[in-house]
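> Quick one, start.cif (mmCIF, C-alpha atoms):
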data_work
#
loop_
_atom_site.label_atom_id
_atom_site.label_comp_id
_atom_site.auth_asym_id
_atom_site.auth_seq_id
_atom_site.Cartn_x
_atom_site.Cartn_y
_atom_site.Cartn_z
CA MET A 1 0.00 0.00 0.00
CA SER A 2 1.20 3.54 -0.73
CA THR A 3 -0.13 6.99 0.09
CA GLN A 4 -3.53 7.57 -1.51
CA ILE A 5 -4.93 11.05 -2.15
CA HIS A 6 -8.39 11.32 -3.64
CA PRO A 7 -8.58 13.53 -6.75
CA THR A 8 -11.00 15.90 -5.01
CA ALA A 9 -8.76 16.41 -1.97
CA VAL A 10 -6.64 19.57 -1.67
CA VAL A 11 -3.22 18.90 -0.16
CA ASP A 12 -0.66 21.69 0.06
CA PRO A 13 2.62 20.58 -1.53
CA ASN A 14 4.48 21.66 1.61
CA ALA A 15 2.49 19.35 3.88
CA LYS A 16 4.48 16.41 5.25
CA LEU A 17 2.88 13.02 4.73
CA GLY A 18 4.11 9.73 6.17
CA THR A 19 3.89 6.39 4.43
CA ASP A 20 0.56 4.78 3.54
CA VAL A 21 -1.45 7.90 4.36
CA VAL A 22 -5.03 7.95 3.01
CA ILE A 23 -6.68 11.29 2.28
CA GLY A 24 -10.31 10.90 1.32
CA PRO A 25 -12.64 12.91 -0.88
CA TYR A 26 -12.92 16.69 -0.41
CA SER A 27 -10.42 16.78 2.47
CA ILE A 28 -8.05 19.73 2.87
CA VAL A 29 -4.53 19.55 4.31
CA GLY A 30 -2.62 22.76 4.98
CA ALA A 31 0.97 23.72 4.34
CA HIS A 32 2.26 23.25 7.90
CA VAL A 33 0.49 19.96 8.59
CA CYS A 34 2.37 16.75 9.33
CA LEU A 35 0.47 13.46 9.03
CA GLY A 36 2.18 10.37 10.42
CA ASP A 37 2.34 6.93 8.88
CA ARG A 38 -1.01 5.31 8.07
CA VAL A 39 -3.08 8.34 9.10
CA GLU A 40 -6.47 8.25 7.39
CA LEU A 41 -8.75 11.21 6.66
CA LYS A 42 -12.07 9.63 5.75
CA SER A 43 -13.61 12.48 3.72
CA HIS A 44 -14.47 16.20 4.10
CA VAL A 45 -11.79 16.54 6.79
CA VAL A 46 -9.93 19.84 7.24
CA VAL A 47 -6.51 19.80 8.90
CA GLU A 48 -4.87 23.21 9.05
CA GLY A 49 -2.31 25.21 11.01
CA ARG A 50 0.87 23.83 12.54
CA THR A 51 -0.75 20.50 13.25
CA THR A 52 0.87 17.10 13.75
CA VAL A 53 -1.24 13.94 13.68
CA GLY A 54 0.44 10.77 14.94
CA GLU A 55 0.58 7.45 13.16
CA ASP A 56 -2.43 5.16 12.78
CA SER A 57 -4.90 7.91 13.67
CA VAL A 58 -8.23 8.11 11.86
CA ILE A 59 -10.24 11.32 11.38
CA TYR A 60 -13.87 11.15 10.27
CA PRO A 61 -15.92 13.48 8.04
CA PHE A 62 -16.39 17.17 8.82
CA ALA A 63 -13.83 17.29 11.61
CA SER A 64 -12.01 20.64 11.81
CA ILE A 65 -8.52 20.15 13.17
CA GLY A 66 -5.96 22.89 13.76
CA HIS A 67 -7.85 26.02 12.80
CA ALA A 68 -7.32 29.22 14.81
CA PRO A 69 -8.36 29.07 18.48
CA GLN A 70 -11.72 30.46 19.54
CA ASP A 71 -9.97 33.03 21.71
CA LEU A 72 -10.14 36.80 21.18
CA LYS A 73 -6.60 37.08 22.56
CA TYR A 74 -5.22 35.03 19.70
CA HIS A 75 -3.42 37.20 17.15
CA GLY A 76 -2.03 34.70 14.69
CA GLU A 77 0.98 33.52 16.70
CA PRO A 78 2.55 30.33 15.25
CA SER A 79 1.18 27.97 17.89
CA GLU A 80 0.80 24.22 17.46
CA LEU A 81 -1.62 21.36 17.79
CA ILE A 82 0.14 18.07 18.51
CA ILE A 83 -1.99 14.91 18.31
CA GLY A 84 -0.48 11.56 19.30
CA HIS A 85 -0.79 8.17 17.66
CA HIS A 86 -3.69 5.72 17.38
CA ASN A 87 -6.38 8.33 17.96
CA THR A 88 -9.91 8.10 16.60
CA ILE A 89 -11.46 11.51 15.92
CA ARG A 90 -15.09 11.31 14.91
CA GLU A 91 -17.46 13.51 12.92
CA HIS A 92 -17.58 17.28 13.55
CA CYS A 93 -14.87 17.14 16.21
CA THR A 94 -12.90 20.39 16.62
CA MET A 95 -9.39 20.75 18.04
CA ASN A 96 -7.55 24.07 18.25
CA PRO A 97 -3.86 24.97 18.63
CA GLY A 98 -2.41 26.86 21.59
CA THR A 99 -1.94 30.56 22.25
CA GLU A 100 0.79 32.82 23.59
CA THR A 101 -1.10 33.05 26.89
CA GLY A 102 -0.56 29.31 27.32
CA ALA A 103 2.27 27.05 26.23
CA MET A 104 1.83 27.86 22.51
CA LYS A 105 0.56 24.35 21.96
CA THR A 106 -2.36 22.04 22.51
CA VAL A 107 -1.31 18.44 23.16
CA VAL A 108 -3.45 15.34 22.71
CA GLY A 109 -2.02 11.99 23.84
CA ASN A 110 -2.27 8.52 22.32
CA HIS A 111 -5.07 5.95 21.90
CA GLY A 112 -7.84 8.48 22.45
CA LEU A 113 -11.44 8.37 21.24
CA PHE A 114 -13.04 11.72 20.52
CA MET A 115 -16.64 11.12 19.58
CA MET A 116 -18.97 13.23 17.46
CA SER A 117 -18.88 17.01 17.99
CA THR A 118 -16.38 16.96 20.84
CA HIS A 119 -14.27 20.08 21.30
CA VAL A 120 -10.69 20.44 22.54
CA ALA A 121 -9.91 24.11 23.04
CA HIS A 122 -6.61 25.97 22.90
CA ASP A 123 -3.75 25.07 25.27
CA CYS A 124 -5.37 21.87 26.56
CA VAL A 125 -3.13 18.96 27.55
CA ILE A 126 -4.78 15.54 27.27
CA GLY A 127 -3.27 12.24 28.37
CA ASP A 128 -3.46 8.75 26.86
CA HIS A 129 -6.52 6.49 26.54
CA VAL A 130 -8.94 9.38 27.02
CA ILE A 131 -12.54 9.04 25.83
CA MET A 132 -14.71 12.07 25.20
CA ALA A 133 -18.31 11.11 24.41
CA ASN A 134 -20.60 12.97 22.01
CA ASN A 135 -20.67 16.77 22.40
CA ALA A 136 -18.30 16.85 25.39
CA THR A 137 -16.39 20.13 25.55
CA LEU A 138 -13.11 21.26 27.09
CA GLY A 139 -12.46 24.96 27.69
CA GLY A 140 -9.02 26.44 27.19
CA HIS A 141 -6.02 25.36 29.29
CA VAL A 142 -7.73 22.22 30.64
CA VAL A 143 -5.43 19.38 31.75
CA VAL A 144 -6.82 15.84 31.46
CA GLY A 145 -4.94 12.81 32.82
CA ASN A 146 -4.70 9.29 31.45
CA HIS A 147 -7.64 6.86 31.16
CA VAL A 148 -10.23 9.59 31.74
CA LEU A 149 -13.81 9.23 30.51
CA ILE A 150 -15.83 12.39 29.88
CA GLY A 151 -19.52 11.74 29.33
CA GLY A 152 -21.72 13.12 26.60
CA LEU A 153 -22.65 16.83 26.70
CA ALA A 154 -20.31 17.45 29.63
CA ALA A 155 -18.60 20.85 29.73
CA VAL A 156 -15.28 21.45 31.50
CA HIS A 157 -14.45 25.02 32.55
CA GLN A 158 -11.17 26.53 31.40
CA PHE A 159 -8.05 25.87 33.54
CA ILE A 160 -9.62 22.83 35.23
CA ARG A 161 -7.46 19.77 36.02
CA ILE A 162 -8.84 16.23 35.78
CA GLY A 163 -6.74 13.44 37.30
CA ASP A 164 -5.97 9.97 35.96
CA PHE A 165 -8.80 7.41 35.79
CA ALA A 166 -11.48 9.98 36.63
CA VAL A 167 -14.94 9.76 35.09
CA ILE A 168 -17.17 12.74 34.32
CA GLY A 169 -20.90 12.05 34.13
CA GLY A 170 -22.91 13.05 31.09
CA MET A 171 -24.30 16.62 31.01
CA SER A 172 -22.07 17.65 33.91
CA GLY A 173 -20.67 21.15 34.25
CA VAL A 174 -17.19 20.77 35.77
CA GLU A 175 -16.04 23.91 37.60
CA SER A 176 -13.57 22.42 40.09
CA ASP A 177 -10.51 20.17 39.83
CA VAL A 178 -11.33 16.45 39.79
CA ILE A 179 -9.04 14.17 41.80
CA PRO A 180 -7.51 11.08 40.20
CA TYR A 181 -9.92 8.12 40.35
CA GLY A 182 -12.81 10.48 41.12
CA ARG A 183 -16.35 10.20 39.81
CA VAL A 184 -18.28 13.43 39.34
CA LYS A 185 -21.79 14.15 38.14
CA GLY A 186 -24.48 16.78 38.21
CA GLU A 187 -25.49 19.96 36.42
CA ARG A 188 -22.87 21.73 38.53
CA ALA A 189 -20.70 18.71 39.10
CA SER A 190 -19.99 17.37 42.57
CA LEU A 191 -17.82 14.46 43.60
CA ALA A 192 -19.99 11.35 43.81
CA GLY A 193 -17.31 8.88 44.88
CA LEU A 194 -14.59 6.86 43.19
CA ASN A 195 -14.55 5.41 39.70
CA ILE A 196 -14.77 1.85 41.02
CA VAL A 197 -15.87 0.35 37.71
CA GLY A 198 -12.96 1.99 35.91
CA LEU A 199 -10.52 0.81 38.55
CA GLU A 200 -11.71 -2.78 38.28
CA ARG A 201 -11.62 -2.69 34.48
CA ASN A 202 -8.05 -1.44 34.57
CA GLY A 203 -6.78 -4.18 36.84
CA PHE A 204 -6.58 -2.48 40.24
CA ASP A 205 -6.65 -5.15 42.93
CA LYS A 206 -9.03 -5.21 45.88
CA ASP A 207 -6.45 -3.92 48.35
CA ALA A 208 -5.65 -0.91 46.21
CA ILE A 209 -9.35 -0.11 45.78
CA ARG A 210 -9.96 -0.58 49.50
CA ASN A 211 -7.14 1.83 50.33
CA LEU A 212 -8.49 4.38 47.88
CA GLN A 213 -11.96 4.16 49.39
CA ARG A 214 -10.65 4.59 52.94
CA ALA A 215 -8.47 7.50 51.88
CA PHE A 216 -11.40 9.10 50.03
CA ASN A 217 -13.60 8.92 53.12
CA GLU A 218 -10.85 10.45 55.24
CA LEU A 219 -9.97 13.17 52.75
CA PHE A 220 -13.56 14.36 52.40
CA GLY A 221 -14.57 13.78 56.02
CA ASP A 222 -15.69 16.39 58.53
CA GLU A 223 -12.62 16.67 60.74
CA GLY A 224 -10.25 19.60 60.36
CA THR A 225 -9.45 21.64 57.28
CA MET A 226 -8.76 20.22 53.84
CA GLU A 227 -5.04 20.89 54.32
CA GLN A 228 -5.08 18.98 57.61
CA ARG A 229 -6.94 16.07 56.05
CA ILE A 230 -4.49 15.97 53.14
CA ASP A 231 -1.59 15.69 55.59
CA MET A 232 -3.42 13.04 57.59
CA VAL A 233 -4.14 10.90 54.52
CA ALA A 234 -0.55 11.31 53.32
CA ASN A 235 0.69 10.01 56.67
CA ASP A 236 -1.79 7.12 56.88
CA PHE A 237 -1.32 5.89 53.30
CA SER A 238 2.28 6.80 52.53
CA GLU A 239 2.92 3.34 51.03
CA ALA A 240 -0.19 3.33 48.82
CA GLY A 241 0.90 4.65 45.44
CA ALA A 242 -2.58 5.35 44.08
CA VAL A 243 -3.56 7.28 47.20
CA MET A 244 -0.36 9.30 47.09
CA GLN A 245 -1.19 10.24 43.52
CA ILE A 246 -4.35 11.90 44.84
CA ILE A 247 -2.33 13.65 47.55
CA GLU A 248 0.17 14.99 45.03
CA PHE A 249 -2.69 16.22 42.85
CA ALA A 250 -4.35 17.94 45.82
CA ARG A 251 -1.15 19.63 46.96
CA ASN A 252 -0.32 20.86 43.46
CA LYS A 253 -3.10 23.42 43.57
CA GLY A 254 -4.47 24.96 40.40
CA ARG A 255 -6.72 27.96 39.99
CA PHE A 256 -9.75 26.15 41.33
CA PRO A 257 -10.53 24.13 44.48
CA LEU A 258 -11.01 20.40 44.48
CA CYS A 259 -14.38 19.13 43.39
CA ALA A 260 -15.98 17.85 46.61
CA PRO A 261 -19.05 15.82 47.55
CA ALA A 262 -22.30 17.79 47.55
CA ARG A 263 -22.68 20.23 50.45
CA LYS A 264 -18.98 19.96 51.26
CA SER A 265 -16.35 22.52 50.32
CA ALA A 266 -12.71 21.74 49.51
#
Step by step, read the file and then write its structure as structure tokens.


Amino acid sequence: MSTQIHPTAVVDPNAKLGTDVVIGPYSIVGAHVCLGDRVELKSHVVVEGRTTVGEDSVIYPFASIGHAPQDLKYHGEPSELIIGHHNTIREHCTMNPGTETGAMKTVVGNHGLFMMSTHVAHDCVIGDHVIMANNATLGGHVVVGNHVLIGGLAAVHQFIRIGDFAVIGGMSGVESDVIPYGRVKGERASLAGLNIVGLERNGFDKDAIRNLQRAFNELFGDEGTMEQRIDMVANDFSEAGAVMQIIEFARNKGRFPLCAPARKSA
């Protein structure tokens, strides 16, 4: 097999194409685009800007990848969109490059699934094995860990952090940082517990899950301040790697507080 470009596709001669790339009907590839080996653009796909798409990724019709950010502060700076390998990007998905107010790049990891009409805004950083269900939206500067599931129609506020193995319920509005392994839901999302199903599916043993549950109860209990509870959990579970990942996340404060159970404040 060799690279195949449909006669109706428009590919800038300066674009860099790997081996065995397939560019379907009516697709457009810009001058600064780099498509890795075996990337496939199904049809009616637009890839523009300084965009890199990793090998074995597939992009479905009417996706718009790499066009200028939806940010009034963007003034044409040569920012990038870097998409990893083995990603599936479905119909009408939009992904934007970074801005000078961020890191000048948006980064998408590997083995992701971005379903219909999902949006990844400027300066986001997304880990590996992330799933965004239909119409899920990330605001600018959002950081998403590995193995995260974001439900359909969920909206994540700009500058929010979401830890590894977290799950965001459908139609949730996420306005606070979500701890690793957390499960959030609600119109204005609150922490509903741990992502037990995700933990089991990803091979966490019973002891690790038990430790996480105990640490969760302690961290979001009623005694002392959040800072005191963080220190207490760190002391009690210092040998539990998954728990300490939550502690590190909590101590590395972002712009927003931790998402907490309903009627509790972090």

> Please, what distance in Å, to one decimal, runs between atom CA of A:Met171 and atom CA of A:Asn146?

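These two atoms are separated by 20.9 Å.
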
> Given the file above and the PyMOL selection byres ((chain A and resi 140-142) around 6), which residues are selected, and can you give them as a list in words?

Ala121, His122, Asp123, Cys124, Gly139, Val143, Gln158, Phe159, Ile160 and Arg161 of chain A

> List the neighbours of A:Ala189 out to 10 Å using only C-alpha atoms; skip same-chain residues closer than 4 positions along the sequence, and give me the result as a count of residues only.

19

> Go through A:Glu218, A:Asp71, A:Asp177, A:Asp205 one by one, measure the shortest atom-to-atom distance of each to A:Asn235 using only C-alpha atoms, and give the residue with the smallest value.

A:Glu218

> Let me make sure I understand: among A:Pro25, A:Pro78, A:Gly102, A:Gly30, which one has the smallest atom-to-atom distance to A:Tyr60 if we use all atoms listed in the file?

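Looking at the shortest contact to A:Tyr60, the residue is A:Pro25.
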
> Could you list the residues chosen by the PyMOL selection byres ((chain A and resi 180) around 12) in this structure as a PDB file with C-alpha atoms, keeping the file's coordinate frame?


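Final output, part02.pdb:
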ATOM      1  CA  VAL A 144      -6.820  15.840  31.460  1.00  0.00           C
ATOM      2  CA  GLY A 145      -4.940  12.810  32.820  1.00  0.00           C
ATOM      3  CA  ASN A 146      -4.700   9.290  31.450  1.00  0.00           C
ATOM      4  CA  HIS A 147      -7.640   6.860  31.160  1.00  0.00           C
ATOM      5  CA  VAL A 148     -10.230   9.590  31.740  1.00  0.00           C
ATOM      6  CA  LEU A 149     -13.810   9.230  30.510  1.00  0.00           C
ATOM      7  CA  ARG A 161      -7.460  19.770  36.020  1.00  0.00           C
ATOM      8  CA  ILE A 162      -8.840  16.230  35.780  1.00  0.00           C
ATOM      9  CA  GLY A 163      -6.740  13.440  37.300  1.00  0.00           C
ATOM     10  CA  ASP A 164      -5.970   9.970  35.960  1.00  0.00           C
ATOM     11  CA  PHE A 165      -8.800   7.410  35.790  1.00  0.00           C
ATOM     12  CA  ALA A 166     -11.480   9.980  36.630  1.00  0.00           C
ATOM     13  CA  VAL A 167     -14.940   9.760  35.090  1.00  0.00           C
ATOM     14  CA  ILE A 168     -17.170  12.740  34.320  1.00  0.00           C
ATOM     15  CA  ASP A 177     -10.510  20.170  39.830  1.00  0.00           C
ATOM     16  CA  VAL A 178     -11.330  16.450  39.790  1.00  0.00           C
ATOM     17  CA  ILE A 179      -9.040  14.170  41.800  1.00  0.00           C
ATOM     18  CA  TYR A 181      -9.920   8.120  40.350  1.00  0.00           C
ATOM     19  CA  GLY A 182     -12.810  10.480  41.120  1.00  0.00           C
ATOM     20  CA  ARG A 183     -16.350  10.200  39.810  1.00  0.00           C
ATOM     21  CA  VAL A 184     -18.280  13.430  39.340  1.00  0.00           C
ATOM     22  CA  LEU A 191     -17.820  14.460  43.600  1.00  0.00           C
ATOM     23  CA  GLY A 193     -17.310   8.880  44.880  1.00  0.00           C
ATOM     24  CA  LEU A 194     -14.590   6.860  43.190  1.00  0.00           C
ATOM     25  CA  ASN A 195     -14.550   5.410  39.700  1.00  0.00           C
ATOM     26  CA  ILE A 196     -14.770   1.850  41.020  1.00  0.00           C
ATOM     27  CA  GLY A 198     -12.960   1.990  35.910  1.00  0.00           C
ATOM     28  CA  LEU A 199     -10.520   0.810  38.550  1.00  0.00           C
ATOM     29  CA  LEU A 212      -8.490   4.380  47.880  1.00  0.00           C
ATOM     30  CA  PHE A 216     -11.400   9.100  50.030  1.00  0.00           C
ATOM     31  CA  GLY A 241       0.900   4.650  45.440  1.00  0.00           C
ATOM     32  CA  ALA A 242      -2.580   5.350  44.080  1.00  0.00           C
ATOM     33  CA  VAL A 243      -3.560   7.280  47.200  1.00  0.00           C
ATOM     34  CA  MET A 244      -0.360   9.300  47.090  1.00  0.00           C
ATOM     35  CA  GLN A 245      -1.190  10.240  43.520  1.00  0.00           C
ATOM     36  CA  ILE A 246      -4.350  11.900  44.840  1.00  0.00           C
ATOM     37  CA  ILE A 247      -2.330  13.650  47.550  1.00  0.00           C
ATOM     38  CA  GLU A 248       0.170  14.990  45.030  1.00  0.00           C
ATOM     39  CA  PHE A 249      -2.690  16.220  42.850  1.00  0.00           C
ATOM     40  CA  ALA A 250      -4.350  17.940  45.820  1.00  0.00           C
ATOM     41  CA  LEU A 258     -11.010  20.400  44.480  1.00  0.00           C
ATOM     42  CA  CYS A 259     -14.380  19.130  43.390  1.00  0.00           C
TER      43      CYS A 259
END

> For this file, the PyMOL selection byres ((chain A and resi 86) around 9) selects which residues, as a list in words?

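In the shown coordinates, the PyMOL selection byres ((chain A and resi 86) around 9) covers Val39, Gly54, Glu55, Asp56, Ser57, Val58, Gly84, His85, Asn87, Thr88, Asn110, His111 and Gly112 of chain A.
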
> Considering all atoms listed in the file, return as a list in words whatever protein or nucleic-acid residues lie within 10 Å of A:Ala136, sequence-local ones (same chain, fewer than 2 positions apart) excluded.

Cys93, Phe114, Met115, Met116, Ser117, Thr118, His119, Val120, Ile131, Met132, Ala133, Asn134, Leu138, Ile150, Gly151, Gly152, Leu153, Ala154, Ala155, Val156, Ile168, Gly170, Met171 and Ser172 of chain A

> Using the selection just defined, write its residues with C-alpha atoms as a PDB file, in the frame of the given file.


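That gives us selection-v7.pdb:
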ATOM      1  CA  CYS A  93     -14.870  17.140  16.210  1.00  0.00           C
ATOM      2  CA  PHE A 114     -13.040  11.720  20.520  1.00  0.00           C
ATOM      3  CA  MET A 115     -16.640  11.120  19.580  1.00  0.00           C
ATOM      4  CA  MET A 116     -18.970  13.230  17.460  1.00  0.00           C
ATOM      5  CA  SER A 117     -18.880  17.010  17.990  1.00  0.00           C
ATOM      6  CA  THR A 118     -16.380  16.960  20.840  1.00  0.00           C
ATOM      7  CA  HIS A 119     -14.270  20.080  21.300  1.00  0.00           C
ATOM      8  CA  VAL A 120     -10.690  20.440  22.540  1.00  0.00           C
ATOM      9  CA  ILE A 131     -12.540   9.040  25.830  1.00  0.00           C
ATOM     10  CA  MET A 132     -14.710  12.070  25.200  1.00  0.00           C
ATOM     11  CA  ALA A 133     -18.310  11.110  24.410  1.00  0.00           C
ATOM     12  CA  ASN A 134     -20.600  12.970  22.010  1.00  0.00           C
ATOM     13  CA  LEU A 138     -13.110  21.260  27.090  1.00  0.00           C
ATOM     14  CA  ILE A 150     -15.830  12.390  29.880  1.00  0.00           C
ATOM     15  CA  GLY A 151     -19.520  11.740  29.330  1.00  0.00           C
ATOM     16  CA  GLY A 152     -21.720  13.120  26.600  1.00  0.00           C
ATOM     17  CA  LEU A 153     -22.650  16.830  26.700  1.00  0.00           C
ATOM     18  CA  ALA A 154     -20.310  17.450  29.630  1.00  0.00           C
ATOM     19  CA  ALA A 155     -18.600  20.850  29.730  1.00  0.00           C
ATOM     20  CA  VAL A 156     -15.280  21.450  31.500  1.00  0.00           C
ATOM     21  CA  ILE A 168     -17.170  12.740  34.320  1.00  0.00           C
ATOM     22  CA  GLY A 170     -22.910  13.050  31.090  1.00  0.00           C
ATOM     23  CA  MET A 171     -24.300  16.620  31.010  1.00  0.00           C
ATOM     24  CA  SER A 172     -22.070  17.650  33.910  1.00  0.00           C
TER      25      SER A 172
END

> Record the distance separating atom CA of A:Val108 and atom CA of A:Ala240, expressed in Å with one decimal.

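Atom CA of A:Ala240 lies at a distance of 28.9 Å from atom CA of A:Val108.
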
> Can you tell me how far atom CA of A:Ile28 sits from atom CA of A:Glu48, in Å to one decimal?

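Interatomic distance here is 7.8 Å.
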
> In file coordinates, which residues lie within 8 Å of (-3.2, 12.6, 1.9) using all atoms listed in the file, given as a count of residues only?

14

> Working from the structure I just supplied, which lacks atoms in stretch 217-231 of chain A, can you model N, CA and C atoms there and output them as a PDB file, in the coordinates of the input?


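And here is the file that came out, result.pdb:
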ATOM      1  N   ASN A 217     -12.730   8.590  51.990  1.00  0.00           N
ATOM      2  CA  ASN A 217     -13.600   8.920  53.120  1.00  0.00           C
ATOM      3  C   ASN A 217     -12.913   9.842  54.107  1.00  0.00           C
ATOM      4  N   GLU A 218     -11.619   9.622  54.308  1.00  0.00           N
ATOM      5  CA  GLU A 218     -10.850  10.450  55.240  1.00  0.00           C
ATOM      6  C   GLU A 218     -10.614  11.845  54.676  1.00  0.00           C
ATOM      7  N   LEU A 219     -10.296  11.896  53.378  1.00  0.00           N
ATOM      8  CA  LEU A 219      -9.970  13.170  52.750  1.00  0.00           C
ATOM      9  C   LEU A 219     -11.175  14.101  52.701  1.00  0.00           C
ATOM     10  N   PHE A 220     -12.360  13.536  52.502  1.00  0.00           N
ATOM     11  CA  PHE A 220     -13.560  14.360  52.400  1.00  0.00           C
ATOM     12  C   PHE A 220     -14.459  14.190  53.624  1.00  0.00           C
ATOM     13  N   GLY A 221     -13.845  13.870  54.751  1.00  0.00           N
ATOM     14  CA  GLY A 221     -14.570  13.780  56.020  1.00  0.00           C
ATOM     15  C   GLY A 221     -14.846  15.151  56.614  1.00  0.00           C
ATOM     16  N   ASP A 222     -15.272  15.154  57.872  1.00  0.00           N
ATOM     17  CA  ASP A 222     -15.690  16.390  58.530  1.00  0.00           C
ATOM     18  C   ASP A 222     -14.641  16.965  59.479  1.00  0.00           C
ATOM     19  N   GLU A 223     -13.590  16.210  59.749  1.00  0.00           N
ATOM     20  CA  GLU A 223     -12.620  16.670  60.740  1.00  0.00           C
ATOM     21  C   GLU A 223     -11.566  17.582  60.116  1.00  0.00           C
ATOM     22  N   GLY A 224     -11.327  18.719  60.762  1.00  0.00           N
ATOM     23  CA  GLY A 224     -10.250  19.600  60.360  1.00  0.00           C
ATOM     24  C   GLY A 224     -10.454  20.268  59.012  1.00  0.00           C
ATOM     25  N   THR A 225      -9.424  20.982  58.578  1.00  0.00           N
ATOM     26  CA  THR A 225      -9.450  21.640  57.280  1.00  0.00           C
ATOM     27  C   THR A 225      -9.011  20.667  56.186  1.00  0.00           C
ATOM     28  N   MET A 226      -9.208  21.069  54.944  1.00  0.00           N
ATOM     29  CA  MET A 226      -8.760  20.220  53.840  1.00  0.00           C
ATOM     30  C   MET A 226      -7.259  20.000  53.918  1.00  0.00           C
ATOM     31  N   GLU A 227      -6.499  21.044  54.228  1.00  0.00           N
ATOM     32  CA  GLU A 227      -5.040  20.890  54.320  1.00  0.00           C
ATOM     33  C   GLU A 227      -4.663  19.892  55.398  1.00  0.00           C
ATOM     34  N   GLN A 228      -5.365  19.933  56.527  1.00  0.00           N
ATOM     35  CA  GLN A 228      -5.080  18.980  57.610  1.00  0.00           C
ATOM     36  C   GLN A 228      -5.431  17.559  57.195  1.00  0.00           C
ATOM     37  N   ARG A 229      -6.542  17.402  56.488  1.00  0.00           N
ATOM     38  CA  ARG A 229      -6.940  16.070  56.050  1.00  0.00           C
ATOM     39  C   ARG A 229      -5.979  15.532  54.997  1.00  0.00           C
ATOM     40  N   ILE A 230      -5.485  16.399  54.134  1.00  0.00           N
ATOM     41  CA  ILE A 230      -4.490  15.970  53.140  1.00  0.00           C
ATOM     42  C   ILE A 230      -3.251  15.424  53.842  1.00  0.00           C
ATOM     43  N   ASP A 231      -2.769  16.145  54.851  1.00  0.00           N
ATOM     44  CA  ASP A 231      -1.590  15.690  55.590  1.00  0.00           C
ATOM     45  C   ASP A 231      -1.864  14.381  56.318  1.00  0.00           C
TER      46      ASP A 231
END
